[in-house]
Amino acid sequence: MRTALALEKAGFAVPDTLEKLRTCLQAALEVEHLTIPVYLTGMYTIRAGTNSAAFYGIRAVVMEEMLHMTLVANLLNAVGGAPVVDSRVVAEYPARLPFSGESVPSIGLQHFSPAALKTFLRIEQPRSMTPPTAPGGGWTSIGQFYDAVREGLEHLVRTLGHDRVFTGGPERQIGPEDFYNSGGEVFPVEDLAGALLAIETVTEQGEGVHDTIWNSNETFGEERELAHWFRFNEIFTGRSYGPHDRPRDRPSGPLIDVDWDGAHPIHGDSKVADYRVYERTSAVYQQAVAFNSRYAVLLRYLDSAFNGHPRHLAPAVPTMLELRDRAAQLYRNPHPDPALAARGCFASATFEITDPQFDAADAEVARNLAAASLRTGEPVDLAGLASDSAEAFA
Amino acid sequence: MTGTVGADEAVRRRYDVVVVGGGWAGSLLAKDLGERGWQVLVLEAGNGGAETWPGYLDSLSTFYSAVAKVPNSGYRRSVAAPFPDVLDLAPVRDPEPGEREYTANGYFVQNGRLPYGTDYLRELGGAAMHWLGAVPRMHPEDFATNERFGYGRDWPITAADLQPWYARAEFEIGVAGDAQGQRELGVVTDPDYVFPMHQIPASWIDRYCTGLDGTPILDEVADEQYPLKVHSLPQARNSTPNPDYRPGPYRPSSAVGLPNYGERCVGNASCVPICPVQAKSHPLRQQARFPRTVTTATRCVVTRVRLAGPTMGGRVSGVEFRAYTDPASPVGRSYVVEAGVVVLAAHAIENARLLLFSGLANGSDQVGRNLMDHPTVLNWALADERRGPVGPFRGPGHTSGWEVFRFGEGRRRRAPFRIEIGNWGWGWATGAPMSNVATALGVGGDRQGEIRPDGVFGPELRRLLGSTIGRQLQLQIAVEQSANPGNRVTLDRRHRDATGNLRPVLTYDLDPHTRSGVYAARLVAARIFQRLDATDWTNHAPRDGVPPLGHFTHTVDGTTLDLAYSGAGHGAGTHVMGSSPRDSVVDAFQRTWEHPNLYAVGCGSMPSIGTSNPTLTMLALALRSAEQIHQDLVLDRRPADVRPADEAEVPA
Amino acid sequence: MSDPTSPAVTADVQDFVELCVPLTGFSEFDLYATGMAERYLETVRQQVGPDRFAEFWAAWTAAVADGGGPQSLSPVHLEVARAVTYLWHTGAWPRLAPAAHAALRRQPANEEFVVAPEAYVEGLVWRTFHGHPGGAKPPGFGTWSVQPPPQSDILSLRQDLGLGELPFRAGLTAEVALDAVPGHLLPGLRAARYVPPSAVPTAAERPDTSRERA
Ligand SMILES: Cc1cc2nc3c(=O)[nH]c(=O)nc-3n(C[C@H](O)[C@H](O)[C@H](O)COP(=O)(O)OP(=O)(O)OC[C@H]3O[C@@H](n4cnc5c(N)ncnc54)[C@H](O)[C@@H]3O)c2cc1C
Ligand code: SF4
């Protein structure tokens with residue numbers, strides 16, 4: 001979150017140089033990533049066999065956040081930048097939501113619960129529902145932030161000329177052949193039209209199109225779906241939207257089955273350091289560290305994929321799925337602190353990543369990428385991966 | 001959009017085409033005709049539901065809960081539209097020599113020497129809801145085995161006729177494959193063709209087996225050495241799109257009912273019975289793309305095809321069907337619906353049943369005859385301990401095979417066979433890995449029901465299981481069965497289902513040519529295991545007086561083997577296609593010879609099935625039939641005589 | 001369950017999990033990670049009867065404490081120990097040896113059943129060979145091409161689990177030699193598909209490759 005926090009601190013401004021635009025986009029990438037651990041925690045703390053509507057609802061949003069990260073990376077690449085996915089994107093939870101004004105409370109890792117859903121709703125709150133802050137003040141919403149990016153981009157295209165702005169190589173663009181199961185479709189960004197569509201997708205999947213509850217997936221010939229805030233509101237209220245509901249209406253469709261007891265309560269502020277205290281009595285410490293190490297690996301695959309090797313997403317996906325299994329295992333283990341366990345708390349993934357973990361990840365990622373066969377256009381072949389990392393696929 | 005209507009609404013109109021059955025064949029054909037603007041009604045006997053995500057999850061959870069994870073385990077039994085299940089068959093303990101060694105206690109009545117060991121599914125989507133999705137094309141020589149090798153029935157068309165239709169079917173269902181490998185085999189002939197998606201990656205087991213490439217293996221029945229080479233299997237399963245595909249780009253389909261899901265196979269390794277993410281292709285995808293011209297009605301069991309009046313030249317007028325609301329109850333109501341063309345796409349056995357019951361299309365006496373399947377011999381072994389585990393129970397059911405035994409002169413002496421290199425350990429043969437746990441622990445007692453003294457636990461158990469499951473190899477070998485009029489579906493008024501419909505009575509056996517194929521396949525597998533330094537644990541002999549299902553013995557050159565086969569789910573041949581009404585039921589377009597507007601589509605039309613899983617060929621034929629039906633309808637609807645405009649017609 | 005006054009796991013469950021480690025060969029973390037511990041304890045109690053379960057549990061606790069392991073259990077308790085282990089490994093309660101079923105005077109039918117859909121998914125057997133349950137926890141596109149990791153060795157397993165010298169077998173004098181596994185510890189052909197996994201016969205005697213000619 002380093003870039004984003006620094007930028008926020010600098011105060012509201014429309015980027016007026018290419019360099020500033022790229023910085024903005026790097027910040028955007030970090031913000032898009034920020035919510036993923038938050039939503040994943042909400043989703044994977046759901047007890048097996050319960051809350052399937054909520055599970056798939058949150059999942060759809062997570063997938064779209066991943067799409068947004070990728071579209072932002074495409075956009076940054078298109079304007080000659082180089083996305084960085086390293087310690088810079090990692091946030092410390094509870095985290096501040098940048099660009100959203102002072103009124104937004106910090107965002108922690110919470111188990112599936114009304115409180116978590118309230119947080120989710122606050123994160124995705126559409127501009128139309130956010131009271132405007134005084135002009136000349138700081139940032140007010142992520143929507144406003146993207147507006148500034150758009151304005152800056154259009155301005156640069158006007159002043160520098162299209163071709164001096166869109167200088168990125170097409171081979172750096174991630175397309176649907178490598179990025180799949182995403183909300184909507186990822187597309188290469190090669191020009192202003194593509195760039196504007198990317199920004200529109202990122203903002204509208206969150207907020208809804210022009211004051212409706214629907215997102216922009218129809219653009220991709222897919223079925224229209226609810227924008228994030230409304231998806232979360234369905235879960236929060238336990239009722240789905242009807243086809244004619246408007247943004248400010250309460251959902252009027254059929255009830256959906258939400259069971260707030262169908263979750264593993266966690267103490268989301270627990271850190272690996274807290275687990276370490278109980279290292280001798282519980283394997284949670286070791287497993288929480290392992291989770292974070294694998295998360296570092298995932299981020300480094302993404303870094304490589306975003307920097308000229310779209311096909312390097314192929315080993316990233318199995319790493320993501322491995323993290324899914326590891327997270328679920330943590331949430332089902334009692335919290336190692338007996339006092340917290342006695343109060344019903346389970347362990348949780350902390351999403352803290354240290355520099356040594358990034359270093360180890362770099363080594364593994366480099367080794368695996370060299371061993372697998374991942375050339376653009378050709379079949380994906382992971383056979384070369386060493387079996388010690390295949391353990392991970394179990 | 002997938003949307004279904006009730007019977008009352010369905011019968012309010014007259015249709016251009018009524019399609020009986022919403023499985024692969026019916027769905028593809030209905031979509032094609034609907035897109036051409038024809039009004040199509042699909043009548044589906046089974047229940048719907050799986051086209052919604054909660055409905056699909058219900059199937060998944062039914063499968064999780066099943067003790068026996070058989071193909072139909074994701075679906076509840078139905079009284080109103082019953083279907084066969086592999087659980088219906090039971091072996092007979094200590095059978096008298098020459099007597100039947102099995103009983104059939106389900107939807108099928110069986111009186112053959114050997115069991116027809118296969119199920120299908122009457123649910124929206126049909127058997128494809130639990131198919132594997134292996135879609136190799138047939139080889140040119142498969143279409144003319146009689147002419148070339150002196151056995152079986154020949155087709156009235158050739159592989160060359162089907163090539164463009166194969167390609168279309170591969171686009172429609174989304175096939176991943178290695179075209180070059182298929183060209184080497186001679187089944188793909190277009191030099192520039194590529195599949196829509198790159199091949200599904202080979203499993204580690206495939207690679208393990210690739211170590212034998214070039215090794216000659218003796219097949220003593222064919223009296224020939226066959227050099228091994230592992231070939232990738234074309235599959236209807238989402239993979240990486242191939243940028244060279246034309247017209248591209250190809251975009252893999254999402255799950256029906258849950259967008260942005262299932263766009264790649266993620267290795268759930270449960271394609272049969274159910275792919276949890278729907279990366280495996282199935283007909284609900286086609287149904288989701290039905291244009292408005294296509295109407296689908298579920299829970300409508302077609303009972304009879306109606307012949308039009310005597311002046312109508314043998315044409316049919318429509319069908320009768322029974323609609324029900326509760327699958328668990330036989331209560332229903334009858335309806336009639338009329339259409340310009342009737343297409344039976346209800347599965348080989350159901351199509352035959354409908355034709356027989358309706359008394360139609362049987363001038364040749366071939367309806368119901370020539371029932372075929374791919375008798376499948378299971379072979380299982382433990383890989384060499386020194387080389388470590390092979391990674392079973394990962395990835396799709398099989399991703400590669402040995403193909404050399406499918407072709408060539410060996411076919412004169414024995415049926416050809418296709419060796420599937422199994423990725424799911426000993427699951428099919430022994431119920432592994434669960435049964436490994438049971439036998440390693442020693443749970444369940446001995447033959448006398450006493451508690452067993454021996455067994456392992458804890459870390460020793462974990463280690464033993466790791467090794468004995470981790471090294472499991474299984475070769476499933478599908479043997480060609482050729483058309484034999486004695487293998488047949490008949491009806492008998494004494495055998496009815498709960499709703500009063502006559503149940504299929506099956507008479508099934510394997511002829512000596514097929515049995516020799518099974519025999520040769522077993523020996524070849526044993527030799528391959530030997531070459532891999534694997535310990536062959538295959539054993540098809542009766543145990544404690546209980547013969548395994550599909551058991552028989554076969555003797556070649558004085559050597560007798562205990563053998564057994566399983567069904568493959570590839571029912572075919574029951575309304576066989578030919579070049580003359582004297583000895584076949586349908587023509588090369590799957591149109592019944594006797595009723596110009598009655599089509600019977602599906603594997604039932606196939607005169608032979610080679611060693612290829614039959615569905616792709618069936619779909620190629622269905623698309624070809626759709627084209628012909630379109631032509632028929634155009635001809636039907638066009639005025640017989642259109643005079644030039646200047647010839648005195650008064651404009652309306 | 002989110003009631004902050006009830007603990008994450010009860011003392012009963014804790015005890016159950018702790019002593020299932022030497023039965024299953026999996027660590028406490030792994031057992032909790034299934035999310036099934038409470039449900040399994042309930043199932044076992046129900047299947048064996050609360051009193052008989054208490055007797056069995058006392059016997060097993062003693063067998064672990066005095067270092068005797070499974071072989072020091074009575075035959076009936078040995079069969080219960082097997083069933084508990086089978087449950088963890090597969091998510092299903094097995095068919096018991098009819099003799100044990102009778103001796104325990106069990107009410108429920110002696111049939112295998114899957115405890116819950118999510119129990120199947122959490123079976124430990126898949127992890128013994130670095131797999132994943134068929135139909136769940138998919139590892140991702142193309143992962144089946146990767147060579148599986150080597151077999152874990154018994155010493156490090158024992159060490160990781162903190163299990164010392166306890167013998168983990170009954171009726172066998174030594175650890176099973178992996179290059180010569182006896183047939184009666186392996187499954188044989190299922191005569192029919194309805195045969196539940198716990199009723200599959202063991203394989204016939206160790207085949208030698210010429211045996212294929214019957
Ligand atoms: C376990 C298994 C695995 C298989 N794997 C493969 C494979 O890997 N590759 C391959 O090529 N093939 C495979 N097959 C075969 C494949 O599933 C079939 O060839 C294919 O699904 C047949 O499609 P169909 O549309 O002709 O018939 P079906 O799929 O049987 O569909 C017929 C439909 O008609 C409906 N119907 C039936 N009777 C009536 C009636 N009286 N009125 C109205 N509707 C009716 C049924 O409910 C059903 O929906 C497999 C089969 C099985 C059982
Ligand atoms: S391997 Fe798994 S994901 Fe792939 S098709 Fe089969 S069931 Fe679906």
# chains A, B, ... in the order shown; residues from 1 in each chain; ligands from 1

call {"tool": "select_by_dssp", "arguments": {"residues": "segment 206-293 of chain A", "states": "helix (DSSP H, G or I)", "output": "ChimeraX atom specification"}}
result
/A:206-207,217-220,228-237,272-276,284-293

call {"tool": "write_last_selection", "arguments": {"atoms": "N, CA, C and O atoms", "output": "CSV table (one decimal), in the first residue's frame"}}
result
chain,number,residue,atom,x,y,z
A,206,GLY,N,-18.0,-2.2,-9.4
A,206,GLY,CA,-18.2,-1.9,-8.0
A,206,GLY,C,-19.5,-1.2,-7.7
A,206,GLY,O,-20.3,-1.6,-6.9
A,207,GLU,N,-19.7,-0.1,-8.4
A,207,GLU,CA,-20.8,0.8,-8.0
A,207,GLU,C,-22.1,0.6,-8.7
A,207,GLU,O,-23.1,1.1,-8.3
A,217,ASN,N,-21.4,-5.9,-17.0
A,217,ASN,CA,-20.9,-7.1,-17.7
A,217,ASN,C,-21.6,-7.4,-19.1
A,217,ASN,O,-21.2,-8.1,-19.9
A,218,GLU,N,-22.8,-6.7,-19.2
A,218,GLU,CA,-23.5,-6.9,-20.5
A,218,GLU,C,-22.5,-6.4,-21.7
A,218,GLU,O,-22.7,-6.9,-22.8
A,219,THR,N,-21.6,-5.5,-21.4
A,219,THR,CA,-20.7,-5.1,-22.4
A,219,THR,C,-19.9,-6.3,-23.0
A,219,THR,O,-19.5,-6.2,-24.1
A,220,PHE,N,-19.8,-7.3,-22.2
A,220,PHE,CA,-19.0,-8.5,-22.6
A,220,PHE,C,-19.9,-9.6,-23.1
A,220,PHE,O,-19.5,-10.7,-23.2
A,228,HIS,N,-21.2,-4.6,-6.9
A,228,HIS,CA,-20.7,-5.2,-5.6
A,228,HIS,C,-21.5,-4.8,-4.4
A,228,HIS,O,-21.9,-5.6,-3.6
A,229,TRP,N,-21.8,-3.5,-4.3
A,229,TRP,CA,-22.5,-3.0,-3.1
A,229,TRP,C,-23.8,-3.8,-3.0
A,229,TRP,O,-24.2,-4.2,-1.9
A,230,PHE,N,-24.5,-4.0,-4.1
A,230,PHE,CA,-25.8,-4.6,-4.0
A,230,PHE,C,-25.7,-6.1,-3.8
A,230,PHE,O,-26.6,-6.6,-3.1
A,231,ARG,N,-24.7,-6.7,-4.3
A,231,ARG,CA,-24.5,-8.1,-3.9
A,231,ARG,C,-24.3,-8.2,-2.4
A,231,ARG,O,-24.9,-9.1,-1.8
A,232,PHE,N,-23.5,-7.4,-1.8
A,232,PHE,CA,-23.3,-7.5,-0.4
A,232,PHE,C,-24.5,-7.1,0.4
A,232,PHE,O,-24.8,-7.7,1.4
A,233,ASN,N,-25.3,-6.2,-0.2
A,233,ASN,CA,-26.5,-5.8,0.6
A,233,ASN,C,-27.5,-6.9,0.6
A,233,ASN,O,-28.3,-7.1,1.5
A,234,GLU,N,-27.5,-7.7,-0.5
A,234,GLU,CA,-28.4,-8.9,-0.5
A,234,GLU,C,-28.0,-9.8,0.7
A,234,GLU,O,-28.9,-10.3,1.4
A,235,ILE,N,-26.7,-10.1,0.9
A,235,ILE,CA,-26.3,-11.0,1.9
A,235,ILE,C,-26.7,-10.3,3.3
A,235,ILE,O,-27.2,-10.9,4.2
A,236,PHE,N,-26.4,-9.0,3.4
A,236,PHE,CA,-26.6,-8.3,4.6
A,236,PHE,C,-28.0,-8.3,5.0
A,236,PHE,O,-28.4,-8.6,6.2
A,237,THR,N,-28.9,-8.1,4.1
A,237,THR,CA,-30.3,-8.1,4.4
A,237,THR,C,-31.0,-9.4,4.3
A,237,THR,O,-32.1,-9.6,4.7
A,272,VAL,N,1.1,-13.2,13.3
A,272,VAL,CA,1.9,-14.4,13.5
A,272,VAL,C,2.7,-14.3,14.8
A,272,VAL,O,2.9,-15.3,15.5
A,273,ALA,N,3.1,-13.0,15.2
A,273,ALA,CA,3.8,-12.9,16.4
A,273,ALA,C,3.0,-13.4,17.6
A,273,ALA,O,3.5,-14.0,18.6
A,274,ASP,N,1.7,-13.2,17.6
A,274,ASP,CA,0.8,-13.7,18.6
A,274,ASP,C,0.7,-15.2,18.6
A,274,ASP,O,0.7,-15.8,19.7
A,275,TYR,N,0.8,-15.8,17.5
A,275,TYR,CA,0.7,-17.2,17.4
A,275,TYR,C,2.0,-17.8,17.8
A,275,TYR,O,2.1,-18.9,18.4
A,276,ARG,N,3.1,-17.1,17.6
A,276,ARG,CA,4.4,-17.6,17.9
A,276,ARG,C,4.5,-17.9,19.4
A,276,ARG,O,5.2,-18.9,19.8
A,284,VAL,N,-0.4,-23.8,14.6
A,284,VAL,CA,-1.0,-22.7,13.9
A,284,VAL,C,0.0,-21.7,13.5
A,284,VAL,O,0.0,-21.1,12.4
A,285,TYR,N,1.0,-21.4,14.4
A,285,TYR,CA,2.0,-20.5,14.0
A,285,TYR,C,2.7,-20.8,12.7
A,285,TYR,O,2.8,-20.1,11.8
A,286,GLN,N,3.2,-22.1,12.7
A,286,GLN,CA,3.9,-22.6,11.6
A,286,GLN,C,3.1,-22.5,10.3
A,286,GLN,O,3.5,-22.1,9.2
A,287,GLN,N,1.8,-22.9,10.5
A,287,GLN,CA,0.9,-22.9,9.3
A,287,GLN,C,0.5,-21.5,8.8
A,287,GLN,O,0.4,-21.2,7.6
A,288,ALA,N,0.4,-20.6,9.8
A,288,ALA,CA,0.1,-19.2,9.4
A,288,ALA,C,1.3,-18.6,8.6
A,288,ALA,O,1.1,-17.8,7.7
A,289,VAL,N,2.5,-18.9,9.1
A,289,VAL,CA,3.7,-18.5,8.4
A,289,VAL,C,3.7,-19.1,7.0
A,289,VAL,O,4.0,-18.4,6.0
A,290,ALA,N,3.4,-20.4,6.9
A,290,ALA,CA,3.4,-21.0,5.6
A,290,ALA,C,2.4,-20.4,4.7
A,290,ALA,O,2.7,-20.2,3.5
A,291,PHE,N,1.3,-20.0,5.2
A,291,PHE,CA,0.3,-19.4,4.4
A,291,PHE,C,0.9,-18.1,3.8
A,291,PHE,O,0.8,-17.8,2.6
A,292,ASN,N,1.5,-17.3,4.6
A,292,ASN,CA,2.0,-16.0,4.2
A,292,ASN,C,3.1,-16.2,3.1
A,292,ASN,O,3.3,-15.5,2.2
A,293,SER,N,3.9,-17.3,3.4
A,293,SER,CA,5.0,-17.5,2.4
A,293,SER,C,4.4,-17.9,1.0
A,293,SER,O,4.9,-17.4,0.0

call {"tool": "residues_near_ligand", "arguments": {"ligand": "ligand 2", "cutoff": "10 Å", "atoms": "only C-alpha atoms and all ligand atoms", "output": "PyMOL selection string"}}
result
(chain B and resi 130-133+200+235-239+262-281+393-399+423) or (chain C and resi 134-142+144)

call {"tool": "closest_atom_pairs", "arguments": {"of": "chain B", "to": "chain A", "cutoff": "9 Å", "atoms": "only C-alpha atoms", "output": "Markdown table"}}
result
| residue | atom | partner | partner_atom | distance |
| --- | --- | --- | --- | --- |
| B:Pro54 | CA | A:Ala53 | CA | 8.2 |
| B:Met197 | CA | A:Pro379 | CA | 8.9 |
| B:His198 | CA | A:Pro379 | CA | 5.6 |
| B:Gln199 | CA | A:Pro379 | CA | 7.0 |
| B:Ile200 | CA | A:Pro379 | CA | 8.3 |
| B:Pro201 | CA | A:Asp381 | CA | 6.4 |
| B:Ala202 | CA | A:Asp381 | CA | 8.4 |
| B:Ser203 | CA | A:Ala383 | CA | 8.4 |
| B:Trp204 | CA | A:Ala383 | CA | 7.4 |
| B:Ser239 | CA | A:Pro379 | CA | 8.8 |
| B:Thr240 | CA | A:Glu177 | CA | 6.0 |
| B:Pro241 | CA | A:Glu177 | CA | 5.9 |
| B:Asn242 | CA | A:Gly377 | CA | 6.7 |
| B:Pro243 | CA | A:Gly377 | CA | 6.0 |
| B:Asp244 | CA | A:Gly377 | CA | 8.4 |
| B:Tyr250 | CA | A:Glu177 | CA | 9.0 |
| B:Arg251 | CA | A:Pro176 | CA | 7.8 |
| B:Ser254 | CA | A:Asn181 | CA | 7.7 |
| B:Leu258 | CA | A:Tyr56 | CA | 8.8 |
| B:Pro259 | CA | A:Glu223 | CA | 7.5 |
| B:Asn260 | CA | A:Asn181 | CA | 4.3 |
| B:Tyr261 | CA | A:Asn181 | CA | 4.9 |
| B:Gly262 | CA | A:Asn181 | CA | 6.6 |
| B:Glu263 | CA | A:Asn181 | CA | 5.6 |
| B:Arg264 | CA | A:Tyr180 | CA | 7.5 |
| B:Val266 | CA | A:Pro318 | CA | 8.4 |

call {"tool": "closest_residue", "arguments": {"among": "A:Asp325, A:Asp86, A:Asp16, A:Glu92", "to": "Leu34 of chain A", "atoms": "only C-alpha atoms"}}
result
A:Glu92

call {"tool": "residues_around", "arguments": {"residues": "segment 342-350 of chain A", "least_positions_apart": "4", "cutoff": "10 Å", "atoms": "only C-alpha atoms", "output": "VMD selection string"}}
result
(chain A and resid 37 40 to 41 44 to 45 92 to 93 109 to 111 264 to 272 275 284 to 285 287 to 292 323 326 to 338) or (chain C and resid 1 to 10)

call {"tool": "closest_residue", "arguments": {"among": "C:Glu28, C:Glu111, C:Glu79, C:Glu18", "to": "chain B", "atoms": "only C-alpha atoms"}}
result
C:Glu79

call {"tool": "closest_residue", "arguments": {"among": "B:Ala541, B:Ala520, B:Ala478, B:Leu185", "to": "ligand 1", "atoms": "only C-alpha atoms and all ligand atoms"}}
result
B:Ala478

call {"tool": "closest_residue", "arguments": {"among": "A:Glu190, A:Asp259, A:Glu364, A:Asp303", "to": "chain C", "atoms": "only C-alpha atoms"}}
result
A:Asp259

call {"tool": "residues_around", "arguments": {"residues": "Ala521 of chain B", "least_positions_apart": "3", "cutoff": "9 Å", "atoms": "only C-alpha atoms", "output": "number ranges by chain"}}
result
B: 219, 377, 405, 416-419, 477-479, 516-518, 524-526

call {"tool": "closest_residue", "arguments": {"among": "C:Ala65, C:Leu157, C:Val121, C:Ala170", "to": "Gly35 of chain C", "atoms": "only C-alpha atoms"}}
result
C:Val121

call {"tool": "residues_around", "arguments": {"residues": "Met69 of chain A", "least_positions_apart": "4", "cutoff": "9 Å", "atoms": "only C-alpha atoms", "output": "ChimeraX atom specification"}}
result
/A:28-33,64-65,73-74,202

call {"tool": "write_last_selection", "arguments": {"atoms": "all heavy atoms", "output": "compact mmCIF listing (two decimals), in the first residue's frame"}}
result
# COMPACT_ATOMS: atom_id res chain seq x y z
N ALA A 28 -3.55 2.50 -7.80
CA ALA A 28 -4.84 1.86 -8.06
C ALA A 28 -4.71 0.34 -7.91
O ALA A 28 -5.57 -0.33 -7.32
CB ALA A 28 -5.33 2.21 -9.46
N LEU A 29 -3.62 -0.19 -8.44
CA LEU A 29 -3.39 -1.63 -8.33
C LEU A 29 -3.35 -2.05 -6.85
O LEU A 29 -3.94 -3.06 -6.45
CB LEU A 29 -2.06 -1.95 -9.01
CG LEU A 29 -1.70 -3.41 -9.13
CD1 LEU A 29 -1.91 -3.86 -10.56
CD2 LEU A 29 -0.25 -3.66 -8.75
N GLU A 30 -2.69 -1.25 -6.06
CA GLU A 30 -2.58 -1.57 -4.64
C GLU A 30 -3.93 -1.50 -3.95
O GLU A 30 -4.26 -2.35 -3.11
CB GLU A 30 -1.59 -0.60 -3.97
CG GLU A 30 -0.17 -0.78 -4.50
CD GLU A 30 0.80 0.31 -4.02
OE1 GLU A 30 0.45 1.05 -3.06
OE2 GLU A 30 1.88 0.43 -4.61
N VAL A 31 -4.72 -0.51 -4.34
CA VAL A 31 -6.05 -0.38 -3.72
C VAL A 31 -6.94 -1.56 -4.12
O VAL A 31 -7.68 -2.10 -3.31
CB VAL A 31 -6.72 0.95 -4.13
CG1 VAL A 31 -8.14 1.02 -3.60
CG2 VAL A 31 -5.90 2.11 -3.61
N GLU A 32 -6.85 -1.96 -5.38
CA GLU A 32 -7.67 -3.09 -5.82
C GLU A 32 -7.28 -4.36 -5.05
O GLU A 32 -8.10 -5.20 -4.74
CB GLU A 32 -7.54 -3.32 -7.34
CG GLU A 32 -8.12 -2.20 -8.20
CD GLU A 32 -9.61 -1.97 -7.99
OE1 GLU A 32 -10.30 -2.89 -7.50
OE2 GLU A 32 -10.10 -0.85 -8.28
N HIS A 33 -6.00 -4.48 -4.76
CA HIS A 33 -5.56 -5.66 -4.02
C HIS A 33 -5.99 -5.61 -2.55
O HIS A 33 -6.29 -6.64 -1.94
CB HIS A 33 -4.04 -5.82 -4.09
CG HIS A 33 -3.52 -6.88 -3.18
ND1 HIS A 33 -3.01 -6.61 -1.94
CD2 HIS A 33 -3.50 -8.23 -3.31
CE1 HIS A 33 -2.68 -7.74 -1.34
NE2 HIS A 33 -2.96 -8.74 -2.15
N GLU A 64 -13.98 -10.36 -9.34
CA GLU A 64 -13.97 -9.08 -10.05
C GLU A 64 -12.84 -8.19 -9.55
O GLU A 64 -12.26 -7.44 -10.32
CB GLU A 64 -15.34 -8.41 -9.94
CG GLU A 64 -16.35 -9.18 -10.77
CD GLU A 64 -17.73 -8.54 -10.83
OE1 GLU A 64 -17.99 -7.56 -10.10
OE2 GLU A 64 -18.54 -9.05 -11.61
N GLU A 65 -12.53 -8.28 -8.27
CA GLU A 65 -11.39 -7.49 -7.78
C GLU A 65 -10.11 -7.96 -8.46
O GLU A 65 -9.23 -7.16 -8.79
CB GLU A 65 -11.25 -7.62 -6.26
CG GLU A 65 -12.44 -7.08 -5.45
CD GLU A 65 -12.69 -5.58 -5.64
OE1 GLU A 65 -11.83 -4.90 -6.21
OE2 GLU A 65 -13.78 -5.11 -5.24
N ALA A 73 -3.36 -3.32 -14.29
CA ALA A 73 -2.01 -3.67 -14.75
C ALA A 73 -1.91 -3.49 -16.26
O ALA A 73 -0.92 -2.94 -16.77
CB ALA A 73 -1.68 -5.11 -14.36
N ASN A 74 -2.93 -3.92 -16.98
CA ASN A 74 -2.92 -3.72 -18.43
C ASN A 74 -2.82 -2.24 -18.78
O ASN A 74 -2.09 -1.83 -19.68
CB ASN A 74 -4.20 -4.32 -19.05
CG ASN A 74 -4.06 -5.81 -19.32
OD1 ASN A 74 -2.99 -6.39 -19.11
ND2 ASN A 74 -5.13 -6.44 -19.78
N VAL A 202 -13.86 -1.12 -14.11
CA VAL A 202 -13.41 -1.19 -12.72
C VAL A 202 -14.36 -0.43 -11.81
O VAL A 202 -14.72 -0.89 -10.73
CB VAL A 202 -11.97 -0.62 -12.61
CG1 VAL A 202 -11.57 -0.46 -11.16
CG2 VAL A 202 -10.99 -1.53 -13.34

call {"tool": "atom_distance", "arguments": {"atom1": "atom CA of Glu172 of chain B", "atom2": "atom CA of Gly46 of chain B"}}
result
23.3 Å
